[in-house]
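What follows is the content of protein-v6.cif, which has mmCIF, C-alpha atoms:
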data_protein
loop_
_atom_site.label_atom_id
_atom_site.label_comp_id
_atom_site.auth_asym_id
_atom_site.auth_seq_id
_atom_site.Cartn_x
_atom_site.Cartn_y
_atom_site.Cartn_z
CA MET A 5 -0.77 4.27 -0.77
CA GLY A 6 1.51 1.91 1.12
CA LEU A 7 4.11 -0.49 -0.14
CA ARG A 8 3.12 -3.16 -2.67
CA PHE A 9 5.01 -6.43 -2.94
CA ARG A 10 3.93 -9.74 -4.48
CA SER A 11 0.38 -8.52 -5.03
CA ARG A 12 0.04 -7.51 -1.38
CA ARG A 13 -0.16 -4.04 0.10
CA PHE A 14 1.59 -3.08 3.34
CA ALA A 15 1.18 0.06 5.39
CA CYS A 16 4.44 1.97 5.64
CA THR A 17 5.87 5.26 6.79
CA ILE A 18 8.32 7.52 5.00
CA GLY A 19 10.59 10.40 5.94
CA ARG A 20 9.39 13.39 7.96
CA GLY A 21 10.34 15.54 4.94
CA GLY A 22 8.01 13.64 2.60
CA VAL A 23 9.21 12.41 -0.78
CA THR A 24 11.74 14.43 -2.75
CA THR A 25 13.48 14.44 -6.11
CA ALA A 26 16.28 16.59 -4.65
CA LYS A 27 17.52 14.51 -1.68
CA ARG A 28 20.05 16.18 0.63
CA GLU A 29 21.80 14.86 3.74
CA GLY A 30 19.72 15.59 6.84
CA ASP A 31 16.54 16.76 5.05
CA GLY A 32 14.50 13.87 6.47
CA ALA A 33 13.02 13.16 3.04
CA THR A 34 12.61 9.83 1.26
CA PRO A 35 14.19 9.94 -2.21
CA ALA A 36 11.86 9.44 -5.17
CA GLY A 37 12.86 7.09 -7.96
CA THR A 38 13.51 3.48 -8.80
CA HIS A 39 15.88 1.87 -6.33
CA ARG A 40 17.33 -1.59 -5.72
CA ILE A 41 17.81 -3.69 -2.61
CA VAL A 42 21.57 -4.27 -2.38
CA GLY A 43 21.86 -5.90 1.01
CA MET A 44 20.09 -7.29 4.05
CA LEU A 45 21.36 -6.97 7.62
CA TYR A 46 19.98 -8.58 10.76
CA ARG A 47 20.66 -8.88 14.50
CA PRO A 48 21.54 -12.55 15.07
CA ASP A 49 21.18 -12.09 18.83
CA ARG A 50 17.52 -11.12 18.32
CA ILE A 51 16.18 -12.84 15.21
CA PRO A 52 17.03 -15.86 13.07
CA ARG A 53 18.65 -15.28 9.68
CA PRO A 54 15.75 -13.95 7.55
CA ALA A 55 17.23 -15.07 4.20
CA PRO A 56 20.32 -16.99 3.11
CA TRP A 57 21.95 -13.82 1.78
CA ALA A 58 21.45 -11.75 4.97
CA THR A 59 24.54 -10.49 6.80
CA PRO A 60 24.69 -10.35 10.61
CA ILE A 61 25.10 -7.00 12.35
CA VAL A 62 27.91 -7.17 14.90
CA VAL A 63 28.80 -4.79 17.73
CA ASP A 64 31.24 -2.65 15.74
CA ASP A 65 29.05 -2.15 12.63
CA LEU A 66 28.31 1.47 11.78
CA TRP A 67 27.04 3.38 8.73
CA SER A 68 28.94 6.51 7.70
CA ASP A 69 26.87 9.65 7.23
CA ALA A 70 29.97 11.87 7.06
CA SER A 71 29.46 13.70 3.79
CA GLY A 72 32.77 14.19 1.99
CA GLU A 73 34.56 11.32 3.73
CA ALA A 74 35.87 8.38 1.71
CA HIS A 75 33.39 5.92 3.27
CA TYR A 76 30.33 8.19 3.12
CA ASN A 77 27.13 6.13 2.83
CA HIS A 78 28.89 2.82 3.40
CA MET A 79 29.09 0.37 6.26
CA VAL A 80 32.17 0.99 8.41
CA ARG A 81 33.55 -0.52 11.60
CA ALA A 82 34.28 1.10 14.92
CA PRO A 83 36.37 2.89 15.78
CA TYR A 84 35.32 5.37 13.08
CA PRO A 85 36.16 8.99 13.90
CA HIS A 86 33.63 10.63 11.58
CA SER A 87 29.86 11.07 11.80
CA HIS A 88 28.03 7.74 11.68
CA GLU A 89 24.97 5.80 12.70
CA ALA A 90 25.21 2.67 14.87
CA LEU A 91 23.64 -0.34 13.16
CA ARG A 92 23.38 -2.27 16.43
CA ARG A 93 20.73 -0.25 18.22
CA ALA A 94 19.09 -0.65 21.62
CA ASP A 95 15.63 -0.38 20.02
CA PRO A 96 14.36 -2.93 17.45
CA LEU A 97 14.30 -0.59 14.42
CA TYR A 98 17.41 -2.15 12.86
CA ASP A 99 16.88 -5.76 13.90
CA LEU A 100 16.26 -6.32 10.17
CA VAL A 101 17.46 -3.80 7.58
CA LEU A 102 17.14 -3.81 3.81
CA ILE A 103 19.90 -1.67 2.31
CA THR A 104 18.96 0.38 -0.76
CA ASP A 105 21.20 1.62 -3.52
CA TRP A 106 20.31 5.28 -2.91
CA ASN A 107 23.57 7.22 -3.42
CA TRP A 108 25.51 3.96 -3.32
CA PRO A 109 28.09 2.60 -4.12
CA ASN A 110 29.56 5.82 -5.58
CA ALA A 111 28.19 8.26 -3.02
CA GLN A 112 27.93 11.91 -3.94
CA PRO A 113 28.72 14.14 -0.94
CA GLY A 114 25.62 15.63 0.63
CA HIS A 115 23.11 13.60 -1.40
CA GLY A 116 21.89 11.51 1.52
CA SER A 117 22.93 8.37 3.32
CA ALA A 118 21.51 5.37 5.18
CA ILE A 119 18.30 5.13 3.17
CA PHE A 120 17.05 1.78 4.42
CA ILE A 121 13.85 -0.19 4.72
CA HIS A 122 13.40 -1.13 8.37
CA GLN A 123 10.88 -1.63 11.16
CA TRP A 124 8.72 1.33 12.14
CA ARG A 125 8.47 2.81 15.62
CA ARG A 126 4.68 2.68 15.34
CA PRO A 127 2.13 3.48 12.61
CA GLY A 128 2.35 6.99 11.24
CA VAL A 129 5.63 7.95 12.92
CA PRO A 130 7.92 9.27 10.17
CA THR A 131 11.51 8.22 9.60
CA GLU A 132 14.61 10.28 8.85
CA GLY A 133 14.23 9.40 5.15
CA CYS A 134 13.89 5.62 5.21
CA ILE A 135 10.83 3.50 4.52
CA ALA A 136 9.52 1.73 7.61
CA LEU A 137 7.11 -1.18 8.01
CA ARG A 138 5.37 -3.16 10.70
CA ARG A 139 7.75 -5.84 12.03
CA ASP A 140 5.87 -8.90 10.76
CA HIS A 141 5.39 -7.32 7.32
CA LEU A 142 9.09 -6.49 7.04
CA HIS A 143 10.02 -10.06 7.97
CA TRP A 144 7.57 -11.53 5.45
CA ILE A 145 8.95 -9.33 2.67
CA ALA A 146 12.56 -10.17 3.60
CA ALA A 147 11.80 -13.90 3.44
CA HIS A 148 10.43 -13.52 -0.10
CA LEU A 149 12.90 -10.95 -1.45
CA ALA A 150 15.76 -11.54 -3.86
CA PRO A 151 18.94 -9.46 -3.90
CA GLY A 152 18.71 -6.71 -6.51
CA ALA A 153 14.91 -6.43 -6.28
CA ARG A 154 13.70 -3.07 -7.54
CA PHE A 155 11.28 -0.77 -5.82
CA LEU A 156 9.70 2.51 -6.83
CA VAL A 157 9.10 5.56 -4.69
CA PRO A 158 6.84 7.79 -6.79
CA ALA A 159 7.44 11.54 -6.82
CA ARG A 160 4.51 13.41 -5.38
CA GLY A 161 2.88 15.94 -7.65
#

Please re-express this file's structure in C-alpha cells.
Amino acid sequence: MGLRFRSRRFACTIGRGGVTTAKREGDGATPAGTHRIVGMLYRPDRIPRPAPWATPIVVDDLWSDASGEAHYNHMVRAPYPHSHEALRRADPLYDLVLITDWNWPNAQPGHGSAIFIHQWRRPGVPTEGCIALRRDHLHWIAAHLAPGARFLVPARG
C-alpha cells in the first residue's frame, strides 16, 4: 500500500517480521497502531537541517535497546555500557531519522525500541521494525512535517 502523506503515496518498506500488534524487542516487526512523530534527527556533516525543529546527530549519540535499563528506548550518549544502536552510522540510513513514539517516553521492557522512519537500503529490503523510504521521499516528507504528526500502521488481517 505504501505510505500516504499530504495526498501523495510513497513506496516504503517495513520490518522483516511484517506488521504486529504484539511487538517484542528483536522480533523485526513493525508495530501496528496510531503513532506520533516526536523528533527529527539529522547528520549535519552530510545534509542541511531538514526542518527548523530537527536536532543534529553528533558522534556520541546512541539509542538504547537495553531492555530493562533506565534509558531503554531513549537517546543516550557514549560511553554507554549497555546494548545500544549508534545513530551516527557509516551508511546513509540514519542521515535523516524521524523518531516515533512507539514505546516512548515510558518504555515497557521488551516491547521494542528504535522504531524510526528512515532511509531504505534499497526497494523491498526490509528493516528491523522501522519504516523506510527512498531518500528524496523521506526528505520531502521531513520538510513538510510538523512535530506531533500522527501516522497509522494498519494491522494486517

Dump as a tab-separated table the rows for residues of segment 61-145 of chain A within 7 Å of segment 31-53 of chain A: closest atom pair and distance in Å with one decimal, all atoms listed in the file counted, ordered by chain and rising residue number.
residue	atom	partner	partner_atom	distance
A:Ile61	CA	A:Arg47	CA	5.3
A:Asp99	CA	A:Arg47	CA	4.9
A:Leu100	CA	A:Tyr46	CA	4.4
A:Val101	CA	A:Leu45	CA	5.0
A:Leu102	CA	A:Met44	CA	4.6
A:Ile103	CA	A:Gly43	CA	4.8
A:Thr104	CA	A:Ile41	CA	4.6
A:Asp105	CA	A:Arg40	CA	5.5
A:Trp106	CA	A:His39	CA	6.6
A:Glu132	CA	A:Gly32	CA	4.3
A:Gly133	CA	A:Thr34	CA	4.2
A:Cys134	CA	A:Thr34	CA	5.9

Dump as an mmCIF file, in the coordinates of the input, selection limited to C-alpha atoms:
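Written output follows (out14.cif):
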data_model
loop_
_atom_site.group_PDB
_atom_site.id
_atom_site.type_symbol
_atom_site.label_atom_id
_atom_site.label_comp_id
_atom_site.auth_asym_id
_atom_site.auth_seq_id
_atom_site.Cartn_x
_atom_site.Cartn_y
_atom_site.Cartn_z
ATOM 1 C CA ILE A 61 25.100 -7.000 12.350
ATOM 2 C CA ASP A 99 16.880 -5.760 13.900
ATOM 3 C CA LEU A 100 16.260 -6.320 10.170
ATOM 4 C CA VAL A 101 17.460 -3.800 7.580
ATOM 5 C CA LEU A 102 17.140 -3.810 3.810
ATOM 6 C CA ILE A 103 19.900 -1.670 2.310
ATOM 7 C CA THR A 104 18.960 0.380 -0.760
ATOM 8 C CA ASP A 105 21.200 1.620 -3.520
ATOM 9 C CA TRP A 106 20.310 5.280 -2.910
ATOM 10 C CA GLU A 132 14.610 10.280 8.850
ATOM 11 C CA GLY A 133 14.230 9.400 5.150
ATOM 12 C CA CYS A 134 13.890 5.620 5.210
#

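Between atom CA of Leu156 of chain A and atom CA of Ala26 of chain A there is a distance of 15.7 Å.
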
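The space between atom CA of Arg13 of chain A and atom CA of Pro56 of chain A spans 24.4 Å.
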
(request) To one decimal in Å, tell me the separation between atom CA of Gly152 of chain A and atom CA of Asn110 of chain A. (result)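 A separation of 16.6 Å between them.
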
(request) For His148 of chain A, list every protein, DNA or RNA residue within 12 Å, evaluated using all atoms listed in the file, and leave out those in the same chain fewer than 2 positions away; present the list as a PyMOL selection string. (result) chain A and resi 9-10+54-57+141-146+150-151+153

(request) Using only C-alpha atoms, find the one residue out of A:Glu89, A:Ala58, A:Arg28, A:Asp69 that sits nearest to Leu149 of chain A. (result) A:Ala58

(request) Take the PyMOL selection byres ((chain A and resi 68) around 8), apply it to the structure above, and return the hits as number ranges by chain. (result) A: 66-67, 69-70, 75-80, 86-89, 117-118

Around all listed atoms of segment 114-124 of chain A, padded 4 Å per side, what centre and edge lengths does the axis-aligned box have in Å to one decimal, as lines of an AutoDock Vina configuration file?
center_x = 17.2
center_y = 7.0
center_z = 5.4
size_x = 24.9
size_y = 25.3
size_z = 21.5

(message) What's around Trp124 of chain A at 8 Å? Count all atoms listed in the file, leave out sequence neighbours fewer than 6 positions away in its own chain, and write the answer as a ChimeraX atom specification.
(response) /A:16-17,97,131,136-139

(request) Determine the nearest neighbour of Ala111 of chain A from the options A:Gly21, A:Gly72, A:Pro130, A:Pro96, counting only C-alpha atoms. (result)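 Checking each of A:Gly21, A:Gly72, A:Pro130, A:Pro96 against Ala111 of chain A, counting only C-alpha atoms, the winner is A:Gly72.
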
(request) Run the PyMOL selection byres ((chain A and resi 115) around 7) on the file and write out the hits as a PyMOL selection string. (result) chain A and resi 27-29+107+112-114+116

For the point (3.9, 11.9, -8.4) in the file's frame, write as a PDB file with C-alpha atoms, keeping the file's coordinate frame all residues with an atom no more than 12 Å away, counting only C-alpha atoms.
ATOM      1  CA  MET A   5      -0.770   4.270  -0.770  1.00  0.00           C
ATOM      2  CA  GLY A  22       8.010  13.640   2.600  1.00  0.00           C
ATOM      3  CA  VAL A  23       9.210  12.410  -0.780  1.00  0.00           C
ATOM      4  CA  THR A  24      11.740  14.430  -2.750  1.00  0.00           C
ATOM      5  CA  THR A  25      13.480  14.440  -6.110  1.00  0.00           C
ATOM      6  CA  ALA A  36      11.860   9.440  -5.170  1.00  0.00           C
ATOM      7  CA  GLY A  37      12.860   7.090  -7.960  1.00  0.00           C
ATOM      8  CA  LEU A 156       9.700   2.510  -6.830  1.00  0.00           C
ATOM      9  CA  VAL A 157       9.100   5.560  -4.690  1.00  0.00           C
ATOM     10  CA  PRO A 158       6.840   7.790  -6.790  1.00  0.00           C
ATOM     11  CA  ALA A 159       7.440  11.540  -6.820  1.00  0.00           C
ATOM     12  CA  ARG A 160       4.510  13.410  -5.380  1.00  0.00           C
ATOM     13  CA  GLY A 161       2.880  15.940  -7.650  1.00  0.00           C
TER      14      GLY A 161
END

(request) Can you pull out every residue within 6 Å of Asp65 of chain A, counting all atoms listed in the file, but drop anything in the same chain fewer than 3 positions away, and send it as a list in words? (result)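 The residues that qualify are Val62, Arg81 and Leu91 of chain A.
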
Only C-alpha atoms, please: the residues just picked out, written as a short mmCIF file (atom, residue, chain, number, x, y, z; two decimals), in the coordinates of the input.
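Saved file again08.cif follows:
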data_model
loop_
_atom_site.label_atom_id
_atom_site.label_comp_id
_atom_site.auth_asym_id
_atom_site.auth_seq_id
_atom_site.Cartn_x
_atom_site.Cartn_y
_atom_site.Cartn_z
CA VAL A 62 27.91 -7.17 14.90
CA ARG A 81 33.55 -0.52 11.60
CA LEU A 91 23.64 -0.34 13.16
#

(message) Need to verify the contact set: Asp64 of chain A, 8 Å, all atoms listed in the file, exclusion of same-chain residues closer than 4 positions in sequence. Can you return it as a list in words?
(response)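 Residues near the query, excluding close chain neighbours: Arg81, Ala82, Pro83 and Arg92 of chain A.
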
(request) Would you mind telling me which residue in A:Ile135, A:Gly128, A:His122, A:Ser71 lies nearest to Leu7 of chain A when using all atoms listed in the file? (result)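 Ranking A:Ile135, A:Gly128, A:His122, A:Ser71 by distance to Leu7 of chain A, first place goes to A:Ile135.
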
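Here the question is which of A:Phe14, A:Arg20, A:Arg154, A:Tyr98 gets nearest to Ile121 of chain A using all atoms listed in the file, and that residue is A:Tyr98.
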
Please, could N, CA and C atoms be added to segment 63-78 of chain A and the result written as a compact mmCIF listing (two decimals), keeping the file's coordinate frame?
# COMPACT_ATOMS: atom_id res chain seq x y z
N VAL A 63 28.68 -5.94 16.83
CA VAL A 63 28.80 -4.79 17.73
C VAL A 63 29.46 -3.58 17.08
N ASP A 64 30.48 -3.76 16.29
CA ASP A 64 31.24 -2.65 15.74
C ASP A 64 30.70 -2.11 14.41
N ASP A 65 29.57 -2.60 13.92
CA ASP A 65 29.05 -2.15 12.63
C ASP A 65 28.40 -0.78 12.74
N LEU A 66 28.82 0.10 11.86
CA LEU A 66 28.31 1.47 11.78
C LEU A 66 28.00 1.79 10.32
N TRP A 67 27.30 2.90 10.09
CA TRP A 67 27.04 3.38 8.73
C TRP A 67 27.48 4.84 8.68
N SER A 68 28.40 5.15 7.79
CA SER A 68 28.94 6.51 7.70
C SER A 68 27.94 7.47 7.08
N ASP A 69 27.67 8.58 7.80
CA ASP A 69 26.87 9.65 7.23
C ASP A 69 27.70 10.94 7.16
N ALA A 70 29.02 10.76 7.11
CA ALA A 70 29.97 11.87 7.06
C ALA A 70 30.20 12.29 5.62
N SER A 71 29.38 13.22 5.16
CA SER A 71 29.46 13.70 3.79
C SER A 71 30.87 14.21 3.49
N GLY A 72 31.42 13.77 2.37
CA GLY A 72 32.77 14.19 1.99
C GLY A 72 33.86 13.23 2.42
N GLU A 73 33.56 12.31 3.32
CA GLU A 73 34.56 11.32 3.73
C GLU A 73 34.58 10.17 2.74
N ALA A 74 35.68 9.46 2.69
CA ALA A 74 35.87 8.38 1.71
C ALA A 74 34.82 7.28 1.84
N HIS A 75 34.34 7.01 3.06
CA HIS A 75 33.39 5.92 3.27
C HIS A 75 31.95 6.41 3.45
N TYR A 76 31.68 7.64 3.02
CA TYR A 76 30.33 8.19 3.12
C TYR A 76 29.31 7.25 2.50
N ASN A 77 28.24 7.00 3.22
CA ASN A 77 27.13 6.13 2.83
C ASN A 77 27.57 4.69 2.58
N HIS A 78 28.46 4.22 3.41
CA HIS A 78 28.89 2.82 3.40
C HIS A 78 28.97 2.30 4.83
